[in-house]
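Text of run_31.txt, listed as compact mmCIF, C-alpha atoms:
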# COMPACT_ATOMS: atom_id res chain seq x y z
CA MET A 1 -10.91 23.96 5.52
CA GLN A 2 -7.74 24.61 7.51
CA TYR A 3 -4.24 23.94 6.21
CA VAL A 4 -1.16 22.74 8.09
CA LYS A 5 2.44 22.94 6.93
CA THR A 6 4.33 19.74 6.23
CA LYS A 7 7.77 18.88 4.90
CA THR A 8 7.07 15.35 3.72
CA ILE A 9 4.02 13.34 2.65
CA LEU A 10 5.52 9.93 2.06
CA SER A 11 7.11 7.76 4.75
CA SER A 12 10.44 6.01 4.23
CA TYR A 13 10.48 2.73 2.30
CA THR A 14 10.02 -0.49 4.25
CA ASP A 15 9.80 -4.14 3.21
CA ASN A 16 6.44 -5.05 4.69
CA ASP A 17 4.31 -8.10 4.11
CA ARG A 18 2.57 -7.87 7.48
CA TRP A 19 0.18 -5.06 6.60
CA PHE A 20 -1.22 -5.52 3.09
CA GLY A 21 2.23 -5.45 1.53
CA TYR A 22 2.59 -1.68 1.86
CA ASN A 23 6.03 -0.15 1.39
CA TYR A 24 5.10 3.46 2.07
CA ASN A 25 2.43 5.26 4.10
CA MET A 26 0.81 8.58 3.32
CA ASN A 27 -1.79 10.83 4.92
CA LEU A 28 -3.03 13.86 3.00
CA TYR A 29 -5.21 15.16 5.82
CA ARG A 30 -4.93 15.47 9.58
CA GLY A 31 -7.91 14.78 11.80
CA CYS A 32 -11.22 13.25 10.79
CA SER A 33 -14.86 14.33 10.92
CA HIS A 34 -16.46 10.87 10.80
CA GLY A 35 -17.08 10.92 14.55
CA CYS A 36 -16.49 7.18 15.11
CA ILE A 37 -16.64 6.64 18.85
CA TYR A 38 -13.77 4.11 18.86
CA CYS A 39 -11.10 5.77 16.68
CA ASP A 40 -7.59 5.05 18.00
CA SER A 41 -6.15 7.96 16.00
CA ARG A 42 -7.65 10.22 18.66
CA SER A 43 -5.03 8.93 21.14
CA ASP A 44 -2.52 11.43 22.54
CA CYS A 45 0.44 9.49 21.16
CA TYR A 46 -0.41 10.66 17.63
CA HIS A 47 -0.27 14.35 18.59
CA VAL A 48 -3.33 15.41 16.58
CA ASP A 49 -4.97 18.32 18.38
CA ASN A 50 -8.73 18.80 17.94
CA PHE A 51 -8.95 15.50 16.11
CA ASP A 52 -12.50 16.07 14.86
CA THR A 53 -11.33 19.09 12.84
CA VAL A 54 -10.10 18.16 9.37
CA ARG A 55 -7.01 19.95 8.10
CA ALA A 56 -5.37 19.49 4.72
CA LYS A 57 -1.61 19.32 4.38
CA GLU A 58 -0.34 22.39 2.58
CA ASN A 59 1.23 21.81 -0.85
CA ALA A 60 0.62 18.08 -0.36
CA LEU A 61 0.49 17.21 -4.06
CA SER A 62 3.62 19.08 -5.08
CA ILE A 63 5.53 17.55 -2.14
CA LEU A 64 4.29 14.07 -3.07
CA GLU A 65 5.34 14.52 -6.70
CA GLN A 66 8.81 15.67 -5.70
CA GLN A 67 9.22 12.68 -3.38
CA LEU A 68 8.11 10.18 -6.01
CA LEU A 69 10.23 11.85 -8.67
CA LYS A 70 13.35 11.49 -6.52
CA ASN A 71 12.53 8.01 -5.25
CA PRO A 72 13.54 5.27 -7.70
CA LYS A 73 12.39 2.44 -5.43
CA LYS A 74 8.94 1.40 -6.59
CA GLY A 75 6.45 0.10 -4.07
CA ILE A 76 2.91 0.18 -2.74
CA ILE A 77 1.66 3.31 -1.00
CA GLY A 78 -0.82 2.82 1.83
CA VAL A 79 -3.29 5.66 2.36
CA GLY A 80 -5.77 6.31 5.15
CA ALA A 81 -4.12 4.88 8.27
CA MET A 82 -4.50 8.00 10.42
CA SER A 83 -7.28 9.95 8.75
CA ASP A 84 -9.85 9.12 6.10
CA SER A 85 -8.77 10.50 2.73
CA TYR A 86 -12.40 10.68 1.62
CA ASN A 87 -13.66 13.12 4.25
CA PRO A 88 -16.43 15.54 3.15
CA PHE A 89 -13.88 18.21 2.13
CA GLU A 90 -12.38 15.85 -0.45
CA LYS A 91 -15.42 16.47 -2.66
CA THR A 92 -14.05 19.91 -3.48
CA GLU A 93 -10.39 19.75 -2.41
CA LYS A 94 -9.67 16.61 -4.49
CA LEU A 95 -6.32 16.03 -2.78
CA THR A 96 -6.86 12.28 -2.80
CA ARG A 97 -7.82 12.26 -6.47
CA GLY A 98 -4.79 14.38 -7.31
CA ALA A 99 -2.50 12.09 -5.31
CA LEU A 100 -3.87 9.02 -7.11
CA GLN A 101 -3.14 10.67 -10.46
CA ILE A 102 0.46 11.37 -9.40
CA ILE A 103 0.86 7.80 -8.10
CA ASP A 104 -0.36 6.55 -11.47
CA THR A 105 2.01 8.81 -13.37
CA TYR A 106 5.06 7.57 -11.45
CA ARG A 107 3.85 3.95 -11.58
CA PHE A 108 3.57 3.14 -7.90
CA GLY A 109 1.02 0.81 -6.33
CA ILE A 110 -1.84 1.90 -4.07
CA GLY A 111 -3.78 0.53 -1.15
CA LEU A 112 -6.45 2.78 0.34
CA SER A 113 -8.86 2.34 3.25
CA THR A 114 -11.99 4.43 3.83
CA LYS A 115 -15.50 4.52 5.24
CA SER A 116 -16.82 6.76 2.48
CA ASP A 117 -18.58 5.87 -0.75
CA LEU A 118 -17.08 9.02 -2.27
CA ALA A 119 -14.20 6.75 -3.27
CA VAL A 120 -16.34 5.43 -6.14
CA ARG A 121 -15.66 8.73 -7.90
CA ASP A 122 -12.02 7.68 -8.41
CA ILE A 123 -12.49 4.17 -9.76
CA ASP A 124 -11.18 5.42 -13.11
CA ILE A 125 -7.75 6.21 -11.63
CA PHE A 126 -7.61 2.97 -9.64
CA SER A 127 -8.23 1.18 -12.92
CA CYS A 128 -5.31 3.02 -14.53
CA ILE A 129 -2.98 2.14 -11.64
CA LYS A 130 -4.11 -1.49 -11.79
CA LYS A 131 -2.70 -1.78 -15.32
CA HIS A 132 0.89 -1.40 -14.08
CA SER A 133 0.91 -1.87 -10.28
CA PRO A 134 -1.07 -3.46 -7.45
CA ALA A 135 -4.24 -1.49 -6.61
CA MET A 136 -6.38 -2.27 -3.58
CA MET A 137 -9.42 -0.68 -1.98
CA LYS A 138 -10.56 -1.50 1.56
CA PHE A 139 -13.81 -0.34 3.13
CA THR A 140 -14.10 -0.48 6.91
CA ILE A 141 -17.46 -2.04 7.76
CA THR A 142 -18.25 -2.95 11.36
CA CYS A 143 -22.03 -3.27 11.25
CA ALA A 144 -24.34 -5.07 8.85
CA ASP A 145 -27.19 -2.82 10.00
CA ASP A 146 -27.32 0.85 8.99
CA GLU A 147 -28.99 1.95 12.21
CA LEU A 148 -26.19 0.53 14.35
CA SER A 149 -23.44 1.85 12.08
CA GLN A 150 -24.88 5.35 12.30
CA LYS A 151 -24.80 5.16 16.09
CA ILE A 152 -21.13 4.31 16.46
CA GLU A 153 -19.92 5.94 13.19
CA PRO A 154 -22.37 8.86 13.02
CA PHE A 155 -20.93 10.95 10.17
CA THR A 156 -19.81 8.21 7.80
CA ALA A 157 -21.64 6.68 4.89
CA PRO A 158 -24.05 4.04 6.25
CA SER A 159 -23.00 0.44 5.84
CA SER A 160 -25.38 -0.12 2.92
CA LYS A 161 -23.60 2.56 0.88
CA ARG A 162 -20.22 1.07 1.73
CA PHE A 163 -21.34 -2.37 0.57
CA LYS A 164 -22.54 -0.75 -2.64
CA ALA A 165 -19.12 0.86 -3.05
CA VAL A 166 -17.46 -2.54 -2.53
CA TYR A 167 -19.64 -3.84 -5.34
CA GLU A 168 -18.68 -0.99 -7.68
CA PHE A 169 -14.94 -1.44 -7.11
CA SER A 170 -15.17 -5.22 -7.41
CA LYS A 171 -17.18 -4.93 -10.60
CA ALA A 172 -14.43 -2.69 -12.01
CA GLY A 173 -11.85 -5.40 -11.36
CA ILE A 174 -10.12 -3.65 -8.44
CA TYR A 175 -8.89 -5.91 -5.65
CA THR A 176 -11.43 -4.96 -2.97
CA GLY A 177 -12.20 -6.10 0.53
CA ILE A 178 -13.47 -5.19 3.97
CA LEU A 179 -11.73 -4.22 7.21
CA LEU A 180 -13.85 -5.80 9.92
CA MET A 181 -12.51 -3.82 12.84
CA PRO A 182 -13.02 -2.88 15.52
CA ILE A 183 -15.68 -5.15 16.96
CA LEU A 184 -16.90 -3.50 20.14
CA PRO A 185 -17.73 -5.73 23.10
CA PHE A 186 -21.44 -5.65 23.98
CA ILE A 187 -22.28 -3.45 20.96
CA ASN A 188 -21.61 -5.05 17.56
CA ASP A 189 -20.05 -8.32 18.73
CA THR A 190 -22.91 -10.67 17.91
CA GLU A 191 -22.54 -13.69 15.67
CA LYS A 192 -25.51 -12.45 13.66
CA ASN A 193 -23.82 -9.13 12.89
CA ILE A 194 -20.48 -10.65 11.92
CA VAL A 195 -21.87 -13.47 9.79
CA SER A 196 -24.25 -11.02 8.10
CA ILE A 197 -21.27 -8.85 7.13
CA VAL A 198 -19.60 -11.87 5.53
CA GLU A 199 -22.80 -12.70 3.63
CA ARG A 200 -23.21 -9.14 2.38
CA ALA A 201 -19.52 -9.01 1.45
CA LYS A 202 -20.01 -12.09 -0.68
CA ASP A 203 -23.00 -10.50 -2.43
CA ALA A 204 -20.92 -7.37 -3.07
CA GLY A 205 -18.08 -9.35 -4.64
CA ALA A 206 -15.48 -8.70 -1.94
CA SER A 207 -12.27 -10.68 -2.34
CA PHE A 208 -11.29 -10.59 1.33
CA ILE A 209 -12.30 -9.60 4.84
CA PHE A 210 -9.57 -8.80 7.35
CA PRO A 211 -10.71 -9.06 11.00
CA SER A 212 -7.58 -8.27 13.04
CA PRO A 213 -3.84 -8.94 13.19
CA GLN A 214 -4.51 -11.61 15.81
CA ARG A 215 -7.16 -14.31 15.84
CA GLY A 216 -9.71 -12.24 17.69
CA PHE A 217 -12.37 -9.57 17.67
CA GLY A 218 -12.19 -6.54 19.93
CA VAL A 219 -11.12 -2.94 20.36
CA THR A 220 -8.02 -1.20 21.67
CA LEU A 221 -8.40 1.55 24.26
CA ARG A 222 -5.64 3.85 25.46
CA GLN A 223 -4.97 7.31 26.84
CA ASN A 224 -7.60 9.97 26.20
CA GLN A 225 -9.26 7.85 23.53
CA ARG A 226 -10.37 5.40 26.23
CA ASP A 227 -12.18 8.18 28.11
CA TYR A 228 -13.76 9.46 24.90
CA PHE A 229 -14.99 6.01 23.89
CA LEU A 230 -16.41 5.13 27.30
CA GLU A 231 -18.24 8.44 27.54
CA LYS A 232 -19.80 8.07 24.09
CA ALA A 233 -20.64 4.39 24.62
CA ASP A 234 -22.31 5.15 27.94
CA PHE A 235 -24.39 7.89 26.32
CA LEU A 236 -25.61 5.46 23.67
CA TYR A 237 -26.04 2.54 26.07
CA PRO A 238 -26.42 3.74 29.68
CA GLY A 239 -24.44 1.59 32.07
CA LEU A 240 -22.03 0.30 29.43
CA LYS A 241 -19.08 2.26 30.84
CA ASN A 242 -19.26 0.40 34.14
CA ARG A 243 -19.60 -2.90 32.31
CA TYR A 244 -16.38 -2.19 30.40
CA ILE A 245 -14.56 -1.20 33.58
CA GLN A 246 -15.76 -4.31 35.40
CA THR A 247 -14.84 -6.58 32.47
CA TYR A 248 -11.57 -5.05 31.25
CA GLY A 249 -10.32 -2.65 33.90
CA THR A 250 -7.67 -0.54 32.21
CA SER A 251 -6.58 -3.18 29.69
CA TYR A 252 -5.36 -1.87 26.34
CA GLU A 253 -6.84 -4.73 24.34
CA CYS A 254 -10.51 -5.54 24.96
CA ILE A 255 -11.38 -8.86 23.31
CA ILE A 256 -15.08 -9.71 23.03
CA PRO A 257 -16.26 -12.18 25.70
CA ASP A 258 -17.34 -14.96 23.32
CA ASN A 259 -14.46 -14.50 20.92
CA SER A 260 -13.52 -18.12 20.23
CA ARG A 261 -17.02 -19.22 19.24
CA ILE A 262 -17.79 -16.12 17.17
CA PHE A 263 -14.44 -16.20 15.39
CA ASP A 264 -15.09 -19.84 14.51
CA ALA A 265 -18.45 -18.77 13.04
CA PHE A 266 -16.67 -16.00 11.08
CA GLU A 267 -14.11 -18.43 9.67
CA SER A 268 -16.83 -20.92 8.72
CA ALA A 269 -18.80 -18.23 6.87
CA CYS A 270 -15.68 -17.04 5.02
CA CYS A 271 -14.85 -20.60 3.97
CA LYS A 272 -18.44 -21.19 2.88
CA TYR A 273 -18.39 -18.16 0.57
CA GLY A 274 -14.79 -18.41 -0.61
CA ILE A 275 -13.61 -15.20 1.04
CA ILE A 276 -10.03 -15.09 2.33
CA TYR A 277 -9.28 -13.46 5.69
CA LYS A 278 -5.63 -14.18 6.58
CA MET A 279 -3.10 -11.43 5.93
CA SER A 280 -0.59 -13.75 4.23
CA ASN A 281 -3.22 -14.88 1.72
CA ILE A 282 -4.43 -11.33 1.09
CA VAL A 283 -0.91 -10.04 0.39
CA HIS A 284 -0.21 -13.02 -1.86
CA ASP A 285 -3.34 -12.48 -3.95
CA PHE A 286 -2.75 -8.72 -4.09
CA VAL A 287 0.88 -8.70 -5.18
CA THR A 288 1.62 -12.01 -6.92
CA PRO A 289 -0.14 -11.29 -10.25
CA TYR A 290 2.30 -8.41 -10.85
CA SER A 291 5.52 -10.11 -9.79
CA ALA A 292 4.58 -13.20 -11.82
CA ALA A 293 3.58 -11.27 -14.94
CA GLU A 294 6.71 -9.14 -15.29
CA PRO A 295 9.30 -10.34 -12.77
CA GLU A 296 11.99 -7.78 -13.57
CA GLN A 297 9.77 -4.73 -13.41
CA TYR A 298 7.78 -5.83 -10.38
CA ALA A 299 10.39 -7.64 -8.31
CA LEU A 300 10.01 -4.98 -5.62
CA PHE A 301 6.29 -5.68 -5.38

As structure tokens, what does this structure read like?
Amino acid sequence: MQYVKTKTILSSYTDNDRWFGYNYNMNLYRGCSHGCIYCDSRSDCYHVDNFDTVRAKENALSILEQQLLKNPKKGIIGVGAMSDSYNPFEKTEKLTRGALQIIDTYRFGIGLSTKSDLAVRDIDIFSCIKKHSPAMMKFTITCADDELSQKIEPFTAPSSKRFKAVYEFSKAGIYTGILLMPILPFINDTEKNIVSIVERAKDAGASFIFPSPQRGFGVTLRQNQRDYFLEKADFLYPGLKNRYIQTYGTSYECIIPDNSRIFDAFESACCKYGIIYKMSNIVHDFVTPYSAAEPEQYALF
């Protein structure tokens, strides 16, 4: 495990109801070892050298505690936007677990996204946070089938383990859902795959599935990450690189060819099983129970 110096852990406060109601963002690690062929965090604009090498932020927990101690403005902390906080090193480093304990102590909310079932280890702390502040867990799941997930996300927990983790969090009463993104054109963009994810989410007790900020399925490609993705995709599916170039050229946003029909099928399945998928509804269900229960204490939520 390598360590990198940092001066701050927590971002500045923002009023934000567009992305899960988060007010702060935090990343305890830099880089990621999951090996997902599509990861946008590999892009040059994020300035993460050797992205596949995981590095922990030095003195992360003491810096976080000092920031929360000095920050009187309560809010929800989003974790995992740039790197997965449950990488393999977390088993022994326990930076994420330590951060959750500090967040609980200072009575902030939490929203965490991951592709690892290691998160189940920390259900106890999520349950403590839930008693005073909003607590959310999101598992990224892009494939209903384990074999396909292990092709495009080779070093993550297979989808079946992630669905099991969704079940464990939901059973514990934590507000839990699925990030259904990205959907890769010509790879996992079938109606069968997407509807199967909704069906398995229902069986696991998921409260929501979020597909994308816009009404569409696809993937974003930019800078060096585009070259990385196309090379990996072509290795897995020979000829796919040329198909992408012919279909999308150098477009940043690559929407799946049959998006309208497949998104309609996704919406129908969500409605059938009572799973919400719009950001406004997710934020409302996540935050409202706290602001309604104790309006003075949770007005900022």

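From atom CA of A:Ser280 back to atom CA of A:Ser260, the distance works out to 21.0 Å.
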
Problem set entry | Minimum-distance residue to A:Val283, chosen among A:Ile174, A:Ile63, A:Ala144, A:Met136 (using all atoms listed in the file) |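 Ranking A:Ile174, A:Ile63, A:Ala144, A:Met136 by distance to A:Val283, first place goes to A:Met136.
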
Seminar exercise, completed: Correct to one decimal, the distance atom CA of A:Ile141-atom CA of A:Arg30 is 21.6 Å

For this session: Using all atoms listed in the file, find the one residue out of A:Phe139, A:Phe286, A:Phe20, A:Tyr228 that sits nearest to A:Phe163.
Result: A:Phe139

Problem set entry | Contacts of A:Lys130 within 10 Å, only C-alpha atoms, excl. fewer than 5 positions in-chain, as a PyMOL selection string | chain A and resi 104+107-110+124-125+135-136+173-175+290

For this session: Considering only C-alpha atoms, state which residue in the set A:Lys70, A:Lys171, A:His132, A:His34 is at the smallest distance from A:Lys151.
Result: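 Looking at the shortest contact to A:Lys151, the residue is A:His34.
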
Complete the atom set of stretch 229-260 of chain A to N, CA and C atoms and return it as an mmCIF file, in the frame of the given file.
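Output below, filename part.cif:
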data_model
loop_
_atom_site.group_PDB
_atom_site.id
_atom_site.type_symbol
_atom_site.label_atom_id
_atom_site.label_comp_id
_atom_site.auth_asym_id
_atom_site.auth_seq_id
_atom_site.Cartn_x
_atom_site.Cartn_y
_atom_site.Cartn_z
ATOM 1 N N PHE A 229 -14.163 7.160 24.283
ATOM 2 C CA PHE A 229 -14.990 6.010 23.890
ATOM 3 C C PHE A 229 -15.995 5.652 24.988
ATOM 4 N N LEU A 230 -15.526 5.543 26.219
ATOM 5 C CA LEU A 230 -16.410 5.130 27.300
ATOM 6 C C LEU A 230 -17.529 6.138 27.540
ATOM 7 N N GLU A 231 -17.211 7.417 27.381
ATOM 8 C CA GLU A 231 -18.240 8.440 27.540
ATOM 9 C C GLU A 231 -19.300 8.334 26.453
ATOM 10 N N LYS A 232 -18.858 8.175 25.200
ATOM 11 C CA LYS A 232 -19.800 8.070 24.090
ATOM 12 C C LYS A 232 -20.613 6.773 24.174
ATOM 13 N N ALA A 233 -19.947 5.673 24.520
ATOM 14 C CA ALA A 233 -20.640 4.390 24.620
ATOM 15 C C ALA A 233 -21.700 4.422 25.721
ATOM 16 N N ASP A 234 -21.363 5.078 26.817
ATOM 17 C CA ASP A 234 -22.310 5.150 27.940
ATOM 18 C C ASP A 234 -23.498 6.030 27.611
ATOM 19 N N PHE A 235 -23.274 7.041 26.763
ATOM 20 C CA PHE A 235 -24.390 7.890 26.320
ATOM 21 C C PHE A 235 -25.346 7.089 25.441
ATOM 22 N N LEU A 236 -24.779 6.267 24.563
ATOM 23 C CA LEU A 236 -25.610 5.460 23.670
ATOM 24 C C LEU A 236 -26.277 4.302 24.400
ATOM 25 N N TYR A 237 -25.548 3.722 25.337
ATOM 26 C CA TYR A 237 -26.040 2.540 26.070
ATOM 27 C C TYR A 237 -25.750 2.759 27.557
ATOM 28 N N PRO A 238 -26.644 3.429 28.256
ATOM 29 C CA PRO A 238 -26.420 3.740 29.680
ATOM 30 C C PRO A 238 -26.008 2.507 30.486
ATOM 31 N N GLY A 239 -24.954 2.675 31.257
ATOM 32 C CA GLY A 239 -24.440 1.590 32.070
ATOM 33 C C GLY A 239 -23.303 0.818 31.430
ATOM 34 N N LEU A 240 -23.045 1.063 30.141
ATOM 35 C CA LEU A 240 -22.030 0.300 29.430
ATOM 36 C C LEU A 240 -20.612 0.633 29.913
ATOM 37 N N LYS A 241 -20.404 1.873 30.340
ATOM 38 C CA LYS A 241 -19.080 2.260 30.840
ATOM 39 C C LYS A 241 -18.678 1.393 32.023
ATOM 40 N N ASN A 242 -19.565 1.222 32.978
ATOM 41 C CA ASN A 242 -19.260 0.400 34.140
ATOM 42 C C ASN A 242 -19.029 -1.059 33.750
ATOM 43 N N ARG A 243 -19.775 -1.512 32.755
ATOM 44 C CA ARG A 243 -19.600 -2.900 32.310
ATOM 45 C C ARG A 243 -18.219 -3.105 31.710
ATOM 46 N N TYR A 244 -17.740 -2.111 30.945
ATOM 47 C CA TYR A 244 -16.380 -2.190 30.400
ATOM 48 C C TYR A 244 -15.356 -2.192 31.518
ATOM 49 N N ILE A 245 -15.527 -1.297 32.476
ATOM 50 C CA ILE A 245 -14.560 -1.200 33.580
ATOM 51 C C ILE A 245 -14.526 -2.496 34.378
ATOM 52 N N GLN A 246 -15.700 -3.063 34.646
ATOM 53 C CA GLN A 246 -15.760 -4.310 35.400
ATOM 54 C C GLN A 246 -15.152 -5.473 34.618
ATOM 55 N N THR A 247 -15.324 -5.466 33.295
ATOM 56 C CA THR A 247 -14.840 -6.580 32.470
ATOM 57 C C THR A 247 -13.360 -6.447 32.122
ATOM 58 N N TYR A 248 -12.913 -5.226 31.795
ATOM 59 C CA TYR A 248 -11.570 -5.050 31.250
ATOM 60 C C TYR A 248 -10.634 -4.209 32.117
ATOM 61 N N GLY A 249 -11.163 -3.522 33.110
ATOM 62 C CA GLY A 249 -10.320 -2.650 33.900
ATOM 63 C C GLY A 249 -9.692 -1.584 33.022
ATOM 64 N N THR A 250 -8.370 -1.516 33.053
ATOM 65 C CA THR A 250 -7.670 -0.540 32.210
ATOM 66 C C THR A 250 -6.877 -1.230 31.095
ATOM 67 N N SER A 251 -7.287 -2.437 30.727
ATOM 68 C CA SER A 251 -6.580 -3.180 29.690
ATOM 69 C C SER A 251 -6.584 -2.417 28.366
ATOM 70 N N TYR A 252 -5.465 -2.510 27.652
ATOM 71 C CA TYR A 252 -5.360 -1.870 26.340
ATOM 72 C C TYR A 252 -6.205 -2.601 25.317
ATOM 73 N N GLU A 253 -6.126 -3.918 25.325
ATOM 74 C CA GLU A 253 -6.840 -4.730 24.340
ATOM 75 C C GLU A 253 -8.080 -5.347 24.984
ATOM 76 N N CYS A 254 -9.243 -5.038 24.428
ATOM 77 C CA CYS A 254 -10.510 -5.540 24.960
ATOM 78 C C CYS A 254 -11.106 -6.525 23.960
ATOM 79 N N ILE A 255 -10.878 -7.802 24.187
ATOM 80 C CA ILE A 255 -11.380 -8.860 23.310
ATOM 81 C C ILE A 255 -12.810 -9.201 23.713
ATOM 82 N N ILE A 256 -13.674 -9.427 22.726
ATOM 83 C CA ILE A 256 -15.080 -9.710 23.030
ATOM 84 C C ILE A 256 -15.187 -10.985 23.865
ATOM 85 N N PRO A 257 -16.158 -11.056 24.763
ATOM 86 C CA PRO A 257 -16.260 -12.180 25.700
ATOM 87 C C PRO A 257 -16.368 -13.543 25.037
ATOM 88 N N ASP A 258 -17.108 -13.656 23.952
ATOM 89 C CA ASP A 258 -17.340 -14.960 23.320
ATOM 90 C C ASP A 258 -16.511 -15.089 22.048
ATOM 91 N N ASN A 259 -15.263 -14.630 22.126
ATOM 92 C CA ASN A 259 -14.460 -14.500 20.920
ATOM 93 C C ASN A 259 -14.236 -15.808 20.181
ATOM 94 N N SER A 260 -13.879 -16.860 20.896
ATOM 95 C CA SER A 260 -13.520 -18.120 20.230
ATOM 96 C C SER A 260 -14.676 -18.658 19.392
#
